[in-house]
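Input: a single structure, listed below in structure tokens.
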Amino acid sequence: MSSEQMDQLRQQIDDLDRELVRMLNDRAKLANKIGEIKKQLDLPVYNPKRETEVMENVTRHNQGPLKPEAIKRLFERIIDETRRLEREHMEKPGDLP
């Protein structure tokens with residue numbers, strides 16, 4: 001493999017990273033909207049049944065090379081951060097942007 005090939009692959013990774021950031025922020029915006037509904041309905045932020053559904057969904061659609069355990073670890077972090085953001089959002093008065 002040449003240095004040029006490696007640079008091209010790294011550029012593809014950089015492009016994917018930017019897309020991942022965009023998608024994670026889109027996901028967070030949706031979670032905030034769900035948080036607003038939960039607030040109106042006086043429901044808790046944490047929903048273990050839903051988190052189980054998310055884990056089942058992402059592992060079922062995983063085609064590798066990441067192992068299911070790796071996907072679960074990644075989504076545990078994504079869910080933790082989204083839950084934190086949802087809690088912060090629910091504590092603030094007002095509407096969503």
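The chains in the structure tokens are called A, B, ... from first to last as shown; in each chain the residues are counted from 1, and the ligands are counted from 1 in the order shown.
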Test item, helix (DSSP H, G or I) assignment across chain A, answer as number ranges by chain: A: 3-41, 48-60, 68-91
Shell of 10 Å around stretch 49-66 of chain A, only C-alpha atoms, local chain residues under 5 positions omitted, as a PyMOL selection string: chain A and resi 71-73+75-76+79
Write the selection just made, keeping C-alpha atoms, as an mmCIF file, in the first residue's frame?
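Below is the file selection.cif, written as the result:
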```cif
data_model
loop_
_atom_site.group_PDB
_atom_site.id
_atom_site.type_symbol
_atom_site.label_atom_id
_atom_site.label_comp_id
_atom_site.auth_asym_id
_atom_site.auth_seq_id
_atom_site.Cartn_x
_atom_site.Cartn_y
_atom_site.Cartn_z
ATOM 1 C CA ILE A 71 -21.829 -2.325 18.531
ATOM 2 C CA LYS A 72 -23.518 -2.633 21.930
ATOM 3 C CA ARG A 73 -20.688 -0.754 23.645
ATOM 4 C CA PHE A 75 -24.601 2.373 21.404
ATOM 5 C CA GLU A 76 -24.414 2.268 25.197
ATOM 6 C CA ILE A 79 -27.639 6.264 24.543
#
```
Between atom CA of A:Gly35 and atom CA of A:Val21, distance in Å (one decimal):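 So the two atoms, atom CA of A:Gly35 and atom CA of A:Val21, lie 20.6 Å apart.
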Nearest to A:His89, chosen from A:Ala70, A:Leu43, A:Leu16, A:Ala28, with only C-alpha atoms counted in the distances: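 Residue with the minimum atom-to-atom distance to A:His89: A:Ala28.
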Polymer residues at most 9 Å from A:Leu85, only C-alpha atoms, same-chain spacing of 3 or more positions, as a list in words: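 Non-adjacent residues within range: Ala28, Ala31, Asn32, Asp80, Glu81, Thr82, Glu88, His89 and Met90 of chain A.
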Spatial neighbours of A:Val45, 8 Å, only C-alpha atoms, chain gap at least 2 places, as a list of chain:residue names: A:Gly35, A:Lys38, A:Leu43, A:Asn47, A:Arg83, A:Glu86, A:Arg87
Take the selection from the previous step and output its residues with C-alpha atoms, as an mmCIF file, in the first residue's frame.
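selection_25.cif, written as the output of this step:
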```cif
data_model
loop_
_atom_site.group_PDB
_atom_site.id
_atom_site.type_symbol
_atom_site.label_atom_id
_atom_site.label_comp_id
_atom_site.auth_asym_id
_atom_site.auth_seq_id
_atom_site.Cartn_x
_atom_site.Cartn_y
_atom_site.Cartn_z
ATOM 1 C CA GLY A 35 -37.978 14.205 25.878
ATOM 2 C CA LYS A 38 -42.119 12.596 27.967
ATOM 3 C CA LEU A 43 -42.810 9.994 31.871
ATOM 4 C CA ASN A 47 -36.893 3.479 29.511
ATOM 5 C CA ARG A 83 -30.161 10.405 27.835
ATOM 6 C CA GLU A 86 -32.606 14.617 27.143
ATOM 7 C CA ARG A 87 -32.494 15.143 30.933
#
```
